Each structure stands twice: as structure tokens, then as C-alpha cells.
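For reference, input_35.pdb (PDB, C-alpha atoms and all ligand atoms):
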MODEL        1
ATOM      1  CA  MET L   1     178.341  20.266  87.325
ATOM      2  CA  LYS L   2     178.123  23.854  88.491
ATOM      3  CA  THR L   3     177.150  24.348  92.107
ATOM      4  CA  ILE L   4     175.970  27.771  93.245
ATOM      5  CA  ALA L   5     174.737  29.031  96.621
ATOM      6  CA  VAL L   6     172.540  32.120  96.652
ATOM      7  CA  ILE L   7     173.362  33.895  99.891
ATOM      8  CA  ASN L   8     172.896  37.127 101.793
ATOM      9  CA  GLN L   9     172.222  37.218 105.520
ATOM     10  CA  LYS L  10     169.594  39.888 104.962
ATOM     11  CA  GLY L  11     166.052  38.823 104.227
ATOM     12  CA  GLY L  12     163.988  40.324 101.449
ATOM     13  CA  VAL L  13     166.840  41.043  99.031
ATOM     14  CA  GLY L  14     165.728  38.630  96.309
ATOM     15  CA  LYS L  15     167.565  35.387  97.161
ATOM     16  CA  THR L  16     164.618  33.059  96.722
ATOM     17  CA  THR L  17     163.221  34.902  93.714
ATOM     18  CA  THR L  18     166.645  34.639  92.094
ATOM     19  CA  ALA L  19     167.311  31.009  93.064
ATOM     20  CA  VAL L  20     163.922  29.881  91.713
ATOM     21  CA  ASN L  21     163.695  31.921  88.533
ATOM     22  CA  LEU L  22     167.341  31.508  87.601
ATOM     23  CA  SER L  23     166.927  27.735  88.054
ATOM     24  CA  ALA L  24     163.802  27.829  85.882
ATOM     25  CA  ALA L  25     165.527  29.915  83.197
ATOM     26  CA  LEU L  26     168.478  27.505  83.072
ATOM     27  CA  ALA L  27     166.051  24.572  82.884
ATOM     28  CA  ALA L  28     164.213  26.291  80.026
ATOM     29  CA  ALA L  29     167.564  26.633  78.253
ATOM     30  CA  GLY L  30     167.892  22.849  78.400
ATOM     31  CA  ARG L  31     170.107  22.462  81.436
ATOM     32  CA  GLN L  32     169.308  19.833  84.071
ATOM     33  CA  VAL L  33     168.813  21.800  87.272
ATOM     34  CA  CYS L  34     168.475  20.780  90.912
ATOM     35  CA  LEU L  35     167.260  23.504  93.269
ATOM     36  CA  ILE L  36     168.068  22.750  96.901
ATOM     37  CA  ASP L  37     165.939  24.691  99.392
ATOM     38  CA  ILE L  38     167.890  24.973 102.625
ATOM     39  CA  ASP L  39     165.743  27.717 104.208
ATOM     40  CA  PRO L  40     163.301  26.487 106.912
ATOM     41  CA  GLN L  41     160.753  28.972 105.533
ATOM     42  CA  ALA L  42     160.520  26.711 102.430
ATOM     43  CA  HIS L  43     159.717  29.653 100.160
ATOM     44  CA  ALA L  44     161.598  28.218  97.193
ATOM     45  CA  THR L  45     159.792  24.891  97.628
ATOM     46  CA  LEU L  46     156.394  26.623  97.589
ATOM     47  CA  HIS L  47     157.455  28.889  94.725
ATOM     48  CA  VAL L  48     157.989  25.899  92.418
ATOM     49  CA  GLY L  49     154.633  24.439  93.425
ATOM     50  CA  VAL L  50     155.726  21.757  95.884
ATOM     51  CA  GLU L  51     153.942  21.498  99.226
ATOM     52  CA  PRO L  52     156.427  21.057 102.081
ATOM     53  CA  SER L  53     155.665  17.774 103.826
ATOM     54  CA  SER L  54     157.721  15.892 106.378
ATOM     55  CA  GLN L  55     156.194  12.566 105.232
ATOM     56  CA  GLU L  56     157.664  12.792 101.737
ATOM     57  CA  GLY L  57     161.187  13.486 102.961
ATOM     58  CA  THR L  58     162.934  16.846 102.823
ATOM     59  CA  VAL L  59     166.357  18.393 103.087
ATOM     60  CA  TYR L  60     165.919  18.028 106.856
ATOM     61  CA  ASP L  61     166.127  14.229 106.488
ATOM     62  CA  VAL L  62     169.194  14.669 104.300
ATOM     63  CA  LEU L  63     170.995  16.829 106.863
ATOM     64  CA  THR L  64     169.969  15.026 110.034
ATOM     65  CA  GLY L  65     169.361  11.460 108.873
ATOM     66  CA  ASP L  66     170.289   8.789 106.349
ATOM     67  CA  ALA L  67     168.250  10.221 103.481
ATOM     68  CA  ARG L  68     170.069  10.857 100.230
ATOM     69  CA  LEU L  69     169.366  13.820  97.968
ATOM     70  CA  GLU L  70     168.019  11.515  95.241
ATOM     71  CA  GLY L  71     165.694   9.988  97.830
ATOM     72  CA  VAL L  72     163.854  13.241  98.506
ATOM     73  CA  TRP L  73     164.050  15.330  95.365
ATOM     74  CA  GLN L  74     160.876  15.935  93.414
ATOM     75  CA  GLN L  75     160.395  16.961  89.829
ATOM     76  CA  ALA L  76     159.078  20.532  89.672
ATOM     77  CA  GLY L  77     159.062  21.064  85.913
ATOM     78  CA  GLU L  78     160.815  20.074  82.710
ATOM     79  CA  ASN L  79     164.547  19.723  83.525
ATOM     80  CA  LEU L  80     163.895  21.064  87.041
ATOM     81  CA  TRP L  81     164.057  19.181  90.327
ATOM     82  CA  VAL L  82     163.683  20.512  93.853
ATOM     83  CA  VAL L  83     165.012  19.177  97.134
ATOM     84  CA  PRO L  84     162.227  20.527  99.329
ATOM     85  CA  SER L  85     162.587  22.205 102.674
ATOM     86  CA  HIS L  86     160.338  22.057 105.713
ATOM     87  CA  ILE L  87     159.908  24.093 108.880
ATOM     88  CA  ASP L  88     161.520  21.153 110.775
ATOM     89  CA  LEU L  89     164.786  22.458 109.364
ATOM     90  CA  ALA L  90     164.621  25.315 111.879
ATOM     91  CA  ALA L  91     165.740  22.822 114.555
ATOM     92  CA  THR L  92     168.802  21.610 112.623
ATOM     93  CA  GLU L  93     171.228  23.799 114.501
ATOM     94  CA  ILE L  94     170.166  22.201 117.807
ATOM     95  CA  ASP L  95     169.715  18.682 116.386
ATOM     96  CA  LEU L  96     173.262  18.697 115.033
ATOM     97  CA  ALA L  97     174.902  20.485 117.976
ATOM     98  CA  ASN L  98     176.940  17.435 119.012
ATOM     99  CA  ILE L  99     177.599  15.965 115.600
ATOM    100  CA  VAL L 100     181.189  15.981 114.398
ATOM    101  CA  GLY L 101     181.486  17.383 110.887
ATOM    102  CA  ARG L 102     178.069  19.029 110.959
ATOM    103  CA  GLU L 103     179.292  21.819 108.645
ATOM    104  CA  VAL L 104     180.005  19.449 105.747
ATOM    105  CA  ILE L 105     176.986  17.143 105.681
ATOM    106  CA  LEU L 106     175.527  18.694 102.534
ATOM    107  CA  ARG L 107     178.938  18.537 100.833
ATOM    108  CA  ASP L 108     179.174  14.790 101.470
ATOM    109  CA  LYS L 109     175.588  14.157 100.359
ATOM    110  CA  LEU L 110     176.137  16.176  97.201
ATOM    111  CA  ALA L 111     179.322  14.263  96.433
ATOM    112  CA  ALA L 112     177.367  10.998  96.754
ATOM    113  CA  MET L 113     174.553  12.186  94.480
ATOM    114  CA  PRO L 114     174.285  10.720  90.965
ATOM    115  CA  GLY L 115     175.869  13.186  88.515
ATOM    116  CA  ARG L 116     172.838  13.928  86.379
ATOM    117  CA  PHE L 117     172.661  17.707  86.819
ATOM    118  CA  ASP L 118     174.330  20.599  85.029
ATOM    119  CA  TYR L 119     173.450  23.052  87.806
ATOM    120  CA  VAL L 120     172.796  22.728  91.512
ATOM    121  CA  ILE L 121     171.445  25.950  93.010
ATOM    122  CA  VAL L 122     171.047  26.307  96.772
ATOM    123  CA  ASP L 123     168.601  28.846  98.226
ATOM    124  CA  CYS L 124     169.922  29.883 101.655
ATOM    125  CA  PRO L 125     168.198  31.282 104.735
ATOM    126  CA  PRO L 126     168.754  34.896 105.821
ATOM    127  CA  SER L 127     171.525  34.093 108.303
ATOM    128  CA  LEU L 128     175.132  32.974 108.368
ATOM    129  CA  GLY L 129     174.383  29.997 110.614
ATOM    130  CA  LEU L 130     174.940  26.273 110.177
ATOM    131  CA  LEU L 131     172.597  25.896 107.190
ATOM    132  CA  THR L 132     174.361  28.584 105.180
ATOM    133  CA  ILE L 133     177.754  27.146 106.215
ATOM    134  CA  ASN L 134     176.601  23.751 104.902
ATOM    135  CA  ALA L 135     175.689  25.388 101.593
ATOM    136  CA  LEU L 136     179.032  27.222 101.391
ATOM    137  CA  SER L 137     180.944  24.039 102.161
ATOM    138  CA  ALA L 138     179.110  22.159  99.412
ATOM    139  CA  VAL L 139     179.319  24.541  96.443
ATOM    140  CA  ASP L 140     182.011  26.059  94.231
ATOM    141  CA  GLU L 141     180.332  29.402  93.649
ATOM    142  CA  VAL L 142     178.422  32.066  95.509
ATOM    143  CA  LEU L 143     175.872  34.390  93.959
ATOM    144  CA  LEU L 144     175.069  37.421  96.064
ATOM    145  CA  PRO L 145     171.797  39.255  95.471
ATOM    146  CA  LEU L 146     171.928  42.864  96.639
ATOM    147  CA  GLN L 147     169.126  45.340  96.829
ATOM    148  CA  PRO L 148     170.474  48.773  95.950
ATOM    149  CA  HIS L 149     169.383  50.846  98.906
ATOM    150  CA  PHE L 150     171.566  52.919 101.156
ATOM    151  CA  LEU L 151     172.434  50.064 103.538
ATOM    152  CA  ALA L 152     173.252  47.617 100.745
ATOM    153  CA  LEU L 153     176.926  47.447 101.613
ATOM    154  CA  HIS L 154     176.262  47.308 105.329
ATOM    155  CA  GLY L 155     176.952  43.791 106.563
ATOM    156  CA  LEU L 156     178.821  42.916 103.391
ATOM    157  CA  SER L 157     182.163  42.636 105.196
ATOM    158  CA  LYS L 158     180.716  40.092 107.650
ATOM    159  CA  LEU L 159     179.338  38.103 104.735
ATOM    160  CA  LEU L 160     182.635  38.185 102.839
ATOM    161  CA  GLU L 161     184.552  37.214 105.989
ATOM    162  CA  THR L 162     182.281  34.193 106.386
ATOM    163  CA  ILE L 163     182.837  33.121 102.778
ATOM    164  CA  ASP L 164     186.565  33.617 103.267
ATOM    165  CA  LEU L 165     186.610  31.565 106.461
ATOM    166  CA  VAL L 166     184.699  28.688 104.869
ATOM    167  CA  ALA L 167     187.046  28.839 101.879
ATOM    168  CA  ARG L 168     190.104  28.591 104.138
ATOM    169  CA  ARG L 169     188.841  25.952 106.567
ATOM    170  CA  LEU L 170     186.336  23.818 104.680
ATOM    171  CA  ASN L 171     186.212  24.400 100.940
ATOM    172  CA  ASP L 172     189.149  25.800  99.012
ATOM    173  CA  ARG L 173     187.172  25.785  95.729
ATOM    174  CA  LEU L 174     184.759  28.415  96.979
ATOM    175  CA  ARG L 175     184.608  31.720  95.060
ATOM    176  CA  LEU L 176     182.209  34.649  94.948
ATOM    177  CA  THR L 177     181.175  34.583  91.300
ATOM    178  CA  GLY L 178     179.083  37.676  91.292
ATOM    179  CA  VAL L 179     176.620  40.176  92.602
ATOM    180  CA  VAL L 180     173.109  40.430  91.192
ATOM    181  CA  LEU L 181     171.333  43.720  91.739
ATOM    182  CA  CYS L 182     167.723  42.874  92.566
ATOM    183  CA  LEU L 183     164.574  44.927  93.137
ATOM    184  CA  TYR L 184     166.235  47.515  90.941
ATOM    185  CA  GLU L 185     164.467  50.841  90.518
ATOM    186  CA  SER L 186     165.681  51.956  87.112
ATOM    187  CA  GLY L 187     166.320  55.636  86.723
ATOM    188  CA  THR L 188     166.535  56.511  90.407
ATOM    189  CA  ARG L 189     169.557  58.336  91.681
ATOM    190  CA  LEU L 190     169.806  56.005  94.689
ATOM    191  CA  ALA L 191     170.062  52.886  92.521
ATOM    192  CA  THR L 192     172.741  54.514  90.378
ATOM    193  CA  GLU L 193     174.736  55.690  93.393
ATOM    194  CA  VAL L 194     174.618  52.400  95.272
ATOM    195  CA  THR L 195     175.497  50.490  92.100
ATOM    196  CA  GLY L 196     178.506  52.792  91.742
ATOM    197  CA  ASP L 197     179.573  52.085  95.337
ATOM    198  CA  VAL L 198     179.270  48.323  94.823
ATOM    199  CA  GLU L 199     181.272  48.537  91.589
ATOM    200  CA  THR L 200     184.001  50.566  93.299
ATOM    201  CA  PHE L 201     184.182  48.136  96.205
ATOM    202  CA  PHE L 202     184.657  45.082  93.983
ATOM    203  CA  HIS L 203     186.907  46.906  91.533
ATOM    204  CA  GLU L 204     189.276  47.774  94.383
ATOM    205  CA  SER L 205     189.378  44.087  95.401
ATOM    206  CA  ARG L 206     190.665  42.960  91.992
ATOM    207  CA  GLY L 207     193.789  40.864  92.211
ATOM    208  CA  THR L 208     193.921  40.887  96.016
ATOM    209  CA  GLY L 209     193.631  37.094  96.143
ATOM    210  CA  HIS L 210     190.472  37.157  98.221
ATOM    211  CA  VAL L 211     187.657  34.738  97.448
ATOM    212  CA  TRP L 212     185.735  37.744  96.119
ATOM    213  CA  SER L 213     188.537  39.327  94.106
ATOM    214  CA  GLU L 214     187.247  38.013  90.769
ATOM    215  CA  ALA L 215     183.593  38.745  91.498
ATOM    216  CA  ARG L 216     181.633  40.444  88.759
ATOM    217  CA  ILE L 217     178.541  42.561  88.986
ATOM    218  CA  PHE L 218     176.156  40.944  86.558
ATOM    219  CA  MET L 219     175.075  43.305  83.808
ATOM    220  CA  THR L 220     171.477  42.238  84.200
ATOM    221  CA  ARG L 221     169.671  44.352  86.759
ATOM    222  CA  VAL L 222     166.575  42.558  88.025
ATOM    223  CA  ARG L 223     164.025  45.357  87.954
ATOM    224  CA  ARG L 224     161.287  45.668  90.517
ATOM    225  CA  ASN L 225     158.375  43.902  88.863
ATOM    226  CA  ILE L 226     155.058  43.112  90.524
ATOM    227  CA  ARG L 227     154.711  39.839  88.571
ATOM    228  CA  LEU L 228     157.788  38.492  90.366
ATOM    229  CA  ALA L 229     156.105  39.205  93.704
ATOM    230  CA  GLU L 230     152.811  37.615  92.622
ATOM    231  CA  ALA L 231     154.158  34.392  91.097
ATOM    232  CA  PRO L 232     155.110  32.602  94.373
ATOM    233  CA  SER L 233     151.557  32.574  95.719
ATOM    234  CA  PHE L 234     150.506  30.588  92.630
ATOM    235  CA  GLY L 235     153.339  28.100  93.094
ATOM    236  CA  GLN L 236     154.656  29.093  89.679
ATOM    237  CA  THR L 237     157.957  30.372  88.366
ATOM    238  CA  ILE L 238     157.865  33.675  86.500
ATOM    239  CA  PHE L 239     158.056  31.752  83.206
ATOM    240  CA  GLN L 240     154.833  29.912  83.987
ATOM    241  CA  TYR L 241     153.061  32.848  85.607
ATOM    242  CA  ALA L 242     154.005  35.775  83.373
ATOM    243  CA  PRO L 243     156.400  34.763  80.599
ATOM    244  CA  ASP L 244     156.133  38.155  78.876
ATOM    245  CA  SER L 245     156.867  40.229  81.982
ATOM    246  CA  ASN L 246     159.991  42.280  82.663
ATOM    247  CA  GLY L 247     160.724  39.850  85.488
ATOM    248  CA  ALA L 248     160.853  36.912  83.066
ATOM    249  CA  ALA L 249     163.018  38.929  80.661
ATOM    250  CA  ASP L 250     165.476  39.855  83.421
ATOM    251  CA  TYR L 251     165.924  36.323  84.740
ATOM    252  CA  ARG L 252     166.265  35.024  81.173
ATOM    253  CA  ASP L 253     169.049  37.586  80.657
ATOM    254  CA  LEU L 254     170.747  36.658  83.934
ATOM    255  CA  ALA L 255     170.707  32.978  82.937
ATOM    256  CA  GLY L 256     172.146  34.057  79.560
ATOM    257  CA  GLU L 257     175.079  35.689  81.354
ATOM    258  CA  LEU L 258     175.738  32.496  83.324
ATOM    259  CA  LEU L 259     175.552  30.399  80.161
ATOM    260  CA  THR L 260     178.033  32.734  78.471
ATOM    261  CA  LEU L 261     180.388  32.278  81.423
ATOM    262  CA  GLU L 262     179.877  28.529  81.145
ATOM    263  CA  SER L 263     180.928  28.483  77.480
ATOM    264  CA  GLN L 264     183.943  30.756  78.159
ATOM    265  CA  GLN L 265     185.074  28.423  80.949
ATOM    266  CA  ALA L 266     184.624  25.417  78.650
ATOM    267  CA  LEU L 267     186.948  27.087  76.121
ATOM    268  CA  VAL L 268     189.629  27.679  78.762
ATOM    269  CA  ALA L 269     189.384  24.162  80.198
TER     270      ALA L 269
HETATM  271  N1  LIG S 301     162.463  42.113  91.298
HETATM  272  C1  LIG S 301     161.421  42.048  92.142
HETATM  273  N2  LIG S 301     160.335  42.823  91.952
HETATM  274  C2  LIG S 301     159.291  42.789  92.808
HETATM  275  N3  LIG S 301     159.244  42.019  93.895
HETATM  276  C3  LIG S 301     160.295  41.220  94.150
HETATM  277  C4  LIG S 301     161.430  41.190  93.296
HETATM  278  N4  LIG S 301     162.325  40.316  93.814
HETATM  279  C5  LIG S 301     161.776  39.815  94.944
HETATM  280  N5  LIG S 301     160.543  40.349  95.143
HETATM  281  C6  LIG S 301     159.651  40.129  96.275
HETATM  282  O1  LIG S 301     160.295  40.654  97.435
HETATM  283  C7  LIG S 301     160.136  39.785  98.541
HETATM  284  C8  LIG S 301     161.499  39.302  99.026
HETATM  285  O2  LIG S 301     162.113  38.552  97.981
HETATM  286  P1  LIG S 301     162.761  37.121  98.258
HETATM  287  O3  LIG S 301     163.274  36.617  96.957
HETATM  288  O4  LIG S 301     161.813  36.259  99.003
HETATM  289  O5  LIG S 301     163.972  37.560  99.191
HETATM  290  P2  LIG S 301     164.873  36.686 100.203
HETATM  291  O6  LIG S 301     164.823  35.265  99.746
HETATM  292  O7  LIG S 301     166.227  37.312 100.078
HETATM  293  O8  LIG S 301     164.282  36.881 101.556
HETATM  294  C9  LIG S 301     159.227  38.657  98.073
HETATM  295  O9  LIG S 301     157.915  38.984  98.399
HETATM  296  C10 LIG S 301     159.425  38.655  96.561
HETATM  297  O10 LIG S 301     158.291  38.154  95.884
HETATM  298 MG    MG S 302     164.321  33.541 100.787
ENDMDL
END
For the file at hand, write its structure as C-alpha cells.
Amino acid sequence: MKTIAVINQKGGVGKTTTAVNLSAALAAAGRQVCLIDIDPQAHATLHVGVEPSSQEGTVYDVLTGDARLEGVWQQAGENLWVVPSHIDLAATEIDLANIVGREVILRDKLAAMPGRFDYVIVDCPPSLGLLTINALSAVDEVLLPLQPHFLALHGLSKLLETIDLVARRLNDRLRLTGVVLCLYESGTRLATEVTGDVETFFHESRGTGHVWSEARIFMTRVRRNIRLAEAPSFGQTIFQYAPDSNGAADYRDLAGELLTLESQQALVA
């Protein structure tokens, strides 16, 4: 089972769009996928057409109560399940303030979950608080969506430090797998320049032994595409809403890159 957290403490960079449509693309390729929405805004939940409801059980009950992941997940499509979020989750930080081991609750719940999935993808909130730490403690891999504008690298060191700290203290399997350039404006000088800066940064980290030293920049650039922005309000993934759009093509390609990695790793193992 591959476990991937989609993180960036900035909002609006394409985390949710990537978590949802990558999950859907992997599901369409025949993988069993569980999307865990750990953002109180519940955008990923809504995006796959599930109405957040505290009666049905959500990730909040998993983190703060006895609920198990398999007790709250809902089927959101063929091969695709979602562990829904709810605005209640915004209080988690306070609710868990005095709980010992509050950083590793999701890890323990995930370990206790029946092993029926090929991929678990966690959509994180735009912060490096307790919810994101729970995601980082629970997964093996981090996927970092970046929007190529002039502040793209700003805040990156804080993010990498956080991943590094979690790797050292809580989860020694954790690695930054790669950077996905989102909201990409093909043909603009800015996009080319920022992409160059990001490539240089990660190239210079090669072999340094950091958790990000093997990170790749995925070849797929997710282009700015209005269909990707429209799909969430219909509670549909891009493959349901506009399967012939550039957005669908880009997320299909990104999933293809992950599946290629998967088969290379299977050869090595
Ligand atoms: N490639 C894209 N093209 C056009 N709009 C996009 C694209 N990716 C994301 N969006 C839109 O940009 C906004 C922010 O994206 P989102 O995935 O919600 O970011 P985050 O989860 O990082 O806050 C949303 O309205 C989303 O629909
Ligand atoms: Mg989001």
C-alpha cells in the first residue's frame, strides 16, 4: 500500500485539486484508492460528491474518538473511497491538546485499517499544525504541489524542516517523493524561470541525505484549466465533469508517472 500526503502550508496551490483528481485517475487505472480528507474545509469531500455530515461519522470521529477509518469511509466512485471531513475538525487542535500521542493518531488508525487499498492519499489543510503532522506521521510519501509564481519557494524551507522533523522524531519512513507544478501557465517566462529555480534547488539537494534529497519534479505540469476549477461545484472529479479537458489529460499523465514509479519499485523490491 502506498500512502501519500499532499501538503503545502499555502492555500490555493492545487493540493485538493491534485489529491482528488490524482486519486480518481489512479482509481480509473484500476487501483483501489482511499482519499482521506483531513482539511476542516472539507473541499476534497465535496469535490467527490459527498456531503459533509457529522451524523454519518467523519475523520473528526477517527481522530478524536473511537471511530475506525473503515467505520466512516464512503464509496465515492468505482475503486474510490473517501474518509470525509467536517468543519468540526477545526477544533481538533484544542480537543486533543492534553492527549498523549496526539501526533500519531492517524498513523495508528491507518495501521489498524483492513489492507484493501493500493493507495491512500491524504489531502491536508493549508497549515503545518497538528492535522498536517498527523498526516506526515501516517504516510511514507509527500507530494508537494507548487504554483510557479515568484514566491513559490518562499516558505519552502519551513515546510521541508517540518517534514524533516517529523521524519526524525515520528516517522523514519517519510520521504518527499516529488513536486507537482500546478496552475501552470505554459509559455510564460515566469513559469519557466520559477520551474528552473525549483529544479536547481532540488538538484543541489541530491545525495545530501535529507528527506527531500531524492525528490523529483514530476514531468507533468498541471496547466491552468477552467474545467478543473468548475468541477468541484458539481461534486465531480475532472474525469466525470470534463473527461476530454486538458485538466483530465494532465492528471491522467501525473497518475501515469506514479504508476511508472510503482512498477520500477516493484522491480527493485
Ligand atoms: N490547474 C488548475 N487550473 C485552474 N484552476 C485550478 C487548477 N488547480 C486548482 N484550481 C483552482 O484553484 C483553487 C485552489 O485550488 P485547490 O486545489 O483548492 O488548492 P489548495 O487545496 O492548495 O488550497 C480552486 O478554486 C481550484 O478549483
Ligand atoms: Mg485544499
Q) Neighbours of segment 46-48 of chain L within 6 Å (only C-alpha atoms; same-chain residues fewer than 2 positions away dropped), as a list in words? A) His43, Ala44, Val50, Glu51, Pro232, Gly235 and Gln236 of chain L
May I have the residues from that selection written out with C-alpha atoms, as a compact mmCIF listing (two decimals), in the coordinates of the input?
# COMPACT_ATOMS: atom_id res chain seq x y z
CA HIS L 43 159.72 29.65 100.16
CA ALA L 44 161.60 28.22 97.19
CA VAL L 50 155.73 21.76 95.88
CA GLU L 51 153.94 21.50 99.23
CA PRO L 232 155.11 32.60 94.37
CA GLY L 235 153.34 28.10 93.09
CA GLN L 236 154.66 29.09 89.68
Q) Selected by the PyMOL selection byres (((chain L and resi 214-223) around 7) and not hetatm) in the shown coordinates: which residues, as number ranges by chain? A) L: 176-186, 202, 206, 212-213, 224-225, 247, 250, 253-254
Using 4 Å of padding on each side, determine the axis-aligned box around all atoms of segment 248-265 of chain L present in the file and give its centre and edge lengths in Å to one decimal, as lines of an AutoDock Vina configuration file.
center_x = 173.0
center_y = 34.1
center_z = 81.1
size_x = 32.2
size_y = 19.4
size_z = 15.3
Q | Contacts with ligand MG 302 (chain S) at most 10 Å, only C-alpha atoms and all ligand atoms counted, listed as number ranges by chain | A | L: 6-20, 37-44, 123-126
**Q.** Selection result of the PyMOL selection byres (((chain L and resi 63) around 12) and not hetatm) on this file, as a VMD selection string
**A.** chain L and resid 36 to 38 57 to 62 64 to 69 72 83 85 to 86 88 to 93 95 to 96 99 101 to 110 130 to 131 134 to 135
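Going from atom O8 of ligand LIG 301 (chain S) over to atom CA of Glu262 of chain L, you cover 27.0 Å.
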Q) With distances taken over all atoms listed in the file, which of L:Glu70, L:Ser127, L:Pro243, L:Phe201 is nearest to ligand LIG 301 (chain S)? A) L:Ser127
Q | Counting all atoms listed in the file, the residue of L:Asp140, L:Glu56, L:Glu193, L:Glu230 that sits nearest ligand LIG 301 (chain S) | A | L:Glu230
Q | Coordinates-based distance that separates atom CA of Val194 of chain L from atom CA of Val139 of chain L (Å, one decimal) | A |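 For atom CA of Val139 of chain L relative to atom CA of Val194 of chain L, the distance reads 28.3 Å.
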Q) Which one is closest to ligand LIG 301 (chain S): L:Gln32, L:Ser54, L:Ser245, L:Thr162? Count all atoms listed in the file. A)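 Of L:Gln32, L:Ser54, L:Ser245, L:Thr162, the one nearest ligand LIG 301 (chain S), counting all atoms listed in the file, is L:Ser245.
Distances to ligand LIG 301 (chain S) were evaluated for L:His154, L:Glu204, L:Thr3, L:Asn21 using all atoms listed in the file, and the minimum falls at L:Asn21.
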Q) So which one's closest to Asp172 of chain L, L:Glu78, L:Glu141, L:Glu199, L:Asp118? Using only C-alpha atoms, please. A) L:Glu141
**Q.** Between atom CA of Val82 of chain L and atom CA of Cys34 of chain L, distance in Å (one decimal)
**A.** 5.6 Å
(Q) Between L:Ile133, L:Ile94, L:Ala152, L:Ala231, which residue has the minimum interatomic distance to ligand LIG 301 (chain S), considering only C-alpha atoms and all ligand atoms? (A)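 Residue with the minimum atom-to-atom distance to ligand LIG 301 (chain S): L:Ala231.
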**Q.** Non-local contacts of Ala28 of chain L (12 Å; only C-alpha atoms; under 5 positions in same chain excluded) as an NGL selection string
**A.** :L and (21-23 or 33 or 77-80 or 237-240 or 243 or 248 or 251-252 or 255-256)
